[in-house]
Amino acid sequence: MTFKIGITGTRSGASDGQLASLGHLMGSVIVREPTVELHHGDCVGVDIQAAVIASRVGIHTVCHPPVDESLRAHHNSDTILPQLNHFARNRNIVDACNLLIVIPYQDEWQPRGGTWYTHDYAVKKNLSDVATIEQSGMIRWHFGLEWHERTAGKTQQAAGENGSGDIK
């Protein structure tokens, strides 16, 4: 079975800390899963950064392109799906994935914007694994109703049972 990673993030691009944590997460998945796909929205910023990293390490890339081409990155993905409006394609990315990685511009939740919309849709859908990577590189995990924070190999319990911070 193919393990599917979804990515959503800022068009401003990831910070150095966020990129390091993204690489760590992708590496963790590759070690554990025989077949991996990255589902991305093909926009400038985090989408293209993640797609390039995935391609370099041999992860199959699946592009969910937007109808609005103004911020499209045109990554040469392995699979390119039909264009959809931003909200529909973001929901499709969440619906397709086992793990959603969220790389926001702001560490705090925002009421507007595609990154936080996609995050909220994943939580509402009760996606089992949602990892939000803050500017510093700290990863906040959402497992069902539980939040856990992990930074530099140290896990802090934010709510619920004590978790490892690793991918299940």
# chains A, B, ... in the order shown; residues from 1 in each chain; ligands from 1
$ select_by_dssp --residues "segment 2-87 of chain A" --states "alpha helix (DSSP H)" --output "PyMOL selection string"
chain A and resi 16-32+46-56+86-87
$ residues_around --residues "Asp47 of chain A" --least-positions-apart "6" --cutoff "9 Å" --atoms "only C-alpha atoms" --output "VMD selection string"
chain A and resid 7 to 11 13 40 to 41 73
$ residues_around --residues "Asp16 of chain A" --least-positions-apart "4" --cutoff "9 Å" --atoms "only C-alpha atoms" --output "list of chain:residue names"
A:Ala20, A:Ser21, A:Gln135, A:Ser136, A:Gly137
$ residues_around --residues "Asp129 of chain A" --least-positions-apart "4" --cutoff "7 Å" --atoms "only C-alpha atoms" --output "ChimeraX atom specification"
/A:98-100,142-143
$ residues_around --residues "Met26 of chain A" --least-positions-apart "2" --cutoff "9 Å" --atoms "only C-alpha atoms" --output "CSV table (one decimal) with C-alpha atoms, in the first residue's frame"
chain,number,residue,atom,x,y,z
A,5,ILE,CA,1.8,12.7,2.3
A,21,SER,CA,11.9,19.4,9.9
A,22,LEU,CA,10.2,18.7,6.5
A,23,GLY,CA,13.3,16.8,5.4
A,24,HIS,CA,13.3,14.9,8.7
A,28,SER,CA,11.1,9.1,8.5
A,29,VAL,CA,8.4,8.1,6.2
A,30,ILE,CA,10.7,6.8,3.5
A,31,VAL,CA,12.5,4.5,6.1
A,53,ILE,CA,12.7,17.7,-2.1
A,54,ALA,CA,10.4,14.7,-2.7
A,57,VAL,CA,14.7,11.5,-2.7
A,59,ILE,CA,9.1,10.1,-3.7
$ closest_residue --among "A:Leu38, A:Val46, A:Leu127, A:Ile80" --to "Val102 of chain A" --atoms "only C-alpha atoms"
A:Val46
$ closest_residue --among "A:Glu134, A:Asp107, A:Asp68, A:Glu37" --to "Gly17 of chain A" --atoms "only C-alpha atoms"
A:Glu134
$ atom_distance --atom1 "atom CA of His60 of chain A" --atom2 "atom CA of Asn92 of chain A"
17.0 Å
$ closest_residue --among "A:Asn90, A:Met138, A:Val36, A:Asn85" --to "Tyr117 of chain A" --atoms "only C-alpha atoms"
A:Asn90
$ residues_around --residues "Thr118 of chain A" --least-positions-apart "4" --cutoff "9 Å" --atoms "only C-alpha atoms" --output "PyMOL selection string"
chain A and resi 8+87+90-91+93-94+102+113-114+122-123
$ decode --residues "segment 75-86 of chain A" --atoms "all heavy atoms" --output "PDB file, in the first residue's frame"
ATOM      1  N   HIS A  75       5.514  22.464 -11.377  1.00  0.00           N
ATOM      2  CA  HIS A  75       6.462  21.391 -11.073  1.00  0.00           C
ATOM      3  C   HIS A  75       6.235  20.227 -12.038  1.00  0.00           C
ATOM      4  O   HIS A  75       5.098  19.889 -12.363  1.00  0.00           O
ATOM      5  CB  HIS A  75       6.286  20.905  -9.628  1.00  0.00           C
ATOM      6  CG  HIS A  75       7.242  19.829  -9.250  1.00  0.00           C
ATOM      7  ND1 HIS A  75       6.901  18.497  -9.271  1.00  0.00           N
ATOM      8  CD2 HIS A  75       8.537  19.887  -8.863  1.00  0.00           C
ATOM      9  CE1 HIS A  75       7.940  17.778  -8.891  1.00  0.00           C
ATOM     10  NE2 HIS A  75       8.952  18.600  -8.633  1.00  0.00           N
ATOM     11  N   ASN A  76       7.302  19.626 -12.490  1.00  0.00           N
ATOM     12  CA  ASN A  76       7.233  18.477 -13.404  1.00  0.00           C
ATOM     13  C   ASN A  76       6.946  17.212 -12.593  1.00  0.00           C
ATOM     14  O   ASN A  76       7.801  16.337 -12.445  1.00  0.00           O
ATOM     15  CB  ASN A  76       8.537  18.354 -14.186  1.00  0.00           C
ATOM     16  CG  ASN A  76       8.443  17.309 -15.276  1.00  0.00           C
ATOM     17  OD1 ASN A  76       7.349  16.961 -15.707  1.00  0.00           O
ATOM     18  ND2 ASN A  76       9.589  16.814 -15.703  1.00  0.00           N
ATOM     19  N   SER A  77       5.737  17.112 -12.056  1.00  0.00           N
ATOM     20  CA  SER A  77       5.361  16.001 -11.184  1.00  0.00           C
ATOM     21  C   SER A  77       5.150  14.721 -11.974  1.00  0.00           C
ATOM     22  O   SER A  77       4.912  14.742 -13.186  1.00  0.00           O
ATOM     23  CB  SER A  77       4.072  16.352 -10.433  1.00  0.00           C
ATOM     24  OG  SER A  77       4.296  17.412  -9.542  1.00  0.00           O
ATOM     25  N   ASP A  78       5.226  13.599 -11.248  1.00  0.00           N
ATOM     26  CA  ASP A  78       5.025  12.294 -11.866  1.00  0.00           C
ATOM     27  C   ASP A  78       3.584  12.117 -12.331  1.00  0.00           C
ATOM     28  O   ASP A  78       3.330  11.495 -13.361  1.00  0.00           O
ATOM     29  CB  ASP A  78       5.393  11.187 -10.879  1.00  0.00           C
ATOM     30  CG  ASP A  78       6.845  11.276 -10.450  1.00  0.00           C
ATOM     31  OD1 ASP A  78       7.726  11.240 -11.333  1.00  0.00           O
ATOM     32  OD2 ASP A  78       7.097  11.410  -9.234  1.00  0.00           O
ATOM     33  N   THR A  79       2.645  12.647 -11.565  1.00  0.00           N
ATOM     34  CA  THR A  79       1.223  12.593 -11.912  1.00  0.00           C
ATOM     35  C   THR A  79       0.665  14.003 -11.783  1.00  0.00           C
ATOM     36  O   THR A  79       0.896  14.668 -10.770  1.00  0.00           O
ATOM     37  CB  THR A  79       0.449  11.648 -10.966  1.00  0.00           C
ATOM     38  OG1 THR A  79       1.023  10.344 -11.030  1.00  0.00           O
ATOM     39  CG2 THR A  79      -1.032  11.589 -11.335  1.00  0.00           C
ATOM     40  N   ILE A  80      -0.061  14.448 -12.801  1.00  0.00           N
ATOM     41  CA  ILE A  80      -0.693  15.767 -12.763  1.00  0.00           C
ATOM     42  C   ILE A  80      -2.196  15.572 -12.935  1.00  0.00           C
ATOM     43  O   ILE A  80      -2.651  15.044 -13.956  1.00  0.00           O
ATOM     44  CB  ILE A  80      -0.127  16.707 -13.842  1.00  0.00           C
ATOM     45  CG1 ILE A  80       1.384  16.894 -13.619  1.00  0.00           C
ATOM     46  CG2 ILE A  80      -0.858  18.049 -13.820  1.00  0.00           C
ATOM     47  CD1 ILE A  80       2.084  17.718 -14.673  1.00  0.00           C
ATOM     48  N   LEU A  81      -2.945  15.968 -11.926  1.00  0.00           N
ATOM     49  CA  LEU A  81      -4.397  15.808 -11.925  1.00  0.00           C
ATOM     50  C   LEU A  81      -5.059  17.017 -12.576  1.00  0.00           C
ATOM     51  O   LEU A  81      -4.409  18.045 -12.797  1.00  0.00           O
ATOM     52  CB  LEU A  81      -4.879  15.623 -10.484  1.00  0.00           C
ATOM     53  CG  LEU A  81      -4.283  14.407  -9.753  1.00  0.00           C
ATOM     54  CD1 LEU A  81      -4.729  14.390  -8.297  1.00  0.00           C
ATOM     55  CD2 LEU A  81      -4.656  13.115 -10.450  1.00  0.00           C
ATOM     56  N   PRO A  82      -6.347  16.942 -12.854  1.00  0.00           N
ATOM     57  CA  PRO A  82      -7.056  18.089 -13.444  1.00  0.00           C
ATOM     58  C   PRO A  82      -7.053  19.291 -12.503  1.00  0.00           C
ATOM     59  O   PRO A  82      -7.052  19.156 -11.282  1.00  0.00           O
ATOM     60  CB  PRO A  82      -8.483  17.570 -13.645  1.00  0.00           C
ATOM     61  CG  PRO A  82      -8.355  16.083 -13.683  1.00  0.00           C
ATOM     62  CD  PRO A  82      -7.209  15.752 -12.775  1.00  0.00           C
ATOM     63  N   GLN A  83      -7.060  20.474 -13.091  1.00  0.00           N
ATOM     64  CA  GLN A  83      -7.085  21.714 -12.322  1.00  0.00           C
ATOM     65  C   GLN A  83      -8.427  21.887 -11.615  1.00  0.00           C
ATOM     66  O   GLN A  83      -9.474  21.571 -12.179  1.00  0.00           O
ATOM     67  CB  GLN A  83      -6.844  22.905 -13.247  1.00  0.00           C
ATOM     68  CG  GLN A  83      -5.447  22.946 -13.827  1.00  0.00           C
ATOM     69  CD  GLN A  83      -5.285  24.084 -14.804  1.00  0.00           C
ATOM     70  OE1 GLN A  83      -5.938  24.114 -15.839  1.00  0.00           O
ATOM     71  NE2 GLN A  83      -4.410  25.031 -14.475  1.00  0.00           N
ATOM     72  N   LEU A  84      -8.362  22.398 -10.389  1.00  0.00           N
ATOM     73  CA  LEU A  84      -9.552  22.697  -9.595  1.00  0.00           C
ATOM     74  C   LEU A  84      -9.334  24.036  -8.893  1.00  0.00           C
ATOM     75  O   LEU A  84      -8.199  24.506  -8.773  1.00  0.00           O
ATOM     76  CB  LEU A  84      -9.779  21.617  -8.536  1.00  0.00           C
ATOM     77  CG  LEU A  84     -10.137  20.218  -9.035  1.00  0.00           C
ATOM     78  CD1 LEU A  84     -10.107  19.224  -7.875  1.00  0.00           C
ATOM     79  CD2 LEU A  84     -11.500  20.218  -9.695  1.00  0.00           C
ATOM     80  N   ASN A  85     -10.427  24.627  -8.369  1.00  0.00           N
ATOM     81  CA  ASN A  85     -10.239  25.851  -7.591  1.00  0.00           C
ATOM     82  C   ASN A  85      -9.457  25.503  -6.324  1.00  0.00           C
ATOM     83  O   ASN A  85      -9.363  24.340  -5.937  1.00  0.00           O
ATOM     84  CB  ASN A  85     -11.580  26.541  -7.297  1.00  0.00           C
ATOM     85  CG  ASN A  85     -12.419  25.799  -6.287  1.00  0.00           C
ATOM     86  OD1 ASN A  85     -11.986  25.507  -5.178  1.00  0.00           O
ATOM     87  ND2 ASN A  85     -13.647  25.485  -6.661  1.00  0.00           N
ATOM     88  N   HIS A  86      -8.887  26.515  -5.691  1.00  0.00           N
ATOM     89  CA  HIS A  86      -7.991  26.284  -4.555  1.00  0.00           C
ATOM     90  C   HIS A  86      -8.635  25.463  -3.438  1.00  0.00           C
ATOM     91  O   HIS A  86      -8.005  24.546  -2.914  1.00  0.00           O
ATOM     92  CB  HIS A  86      -7.477  27.617  -4.001  1.00  0.00           C
ATOM     93  CG  HIS A  86      -6.431  28.234  -4.844  1.00  0.00           C
ATOM     94  ND1 HIS A  86      -6.716  29.115  -5.863  1.00  0.00           N
ATOM     95  CD2 HIS A  86      -5.089  28.088  -4.846  1.00  0.00           C
ATOM     96  CE1 HIS A  86      -5.598  29.484  -6.444  1.00  0.00           C
ATOM     97  NE2 HIS A  86      -4.596  28.887  -5.853  1.00  0.00           N
TER      98      HIS A  86
END
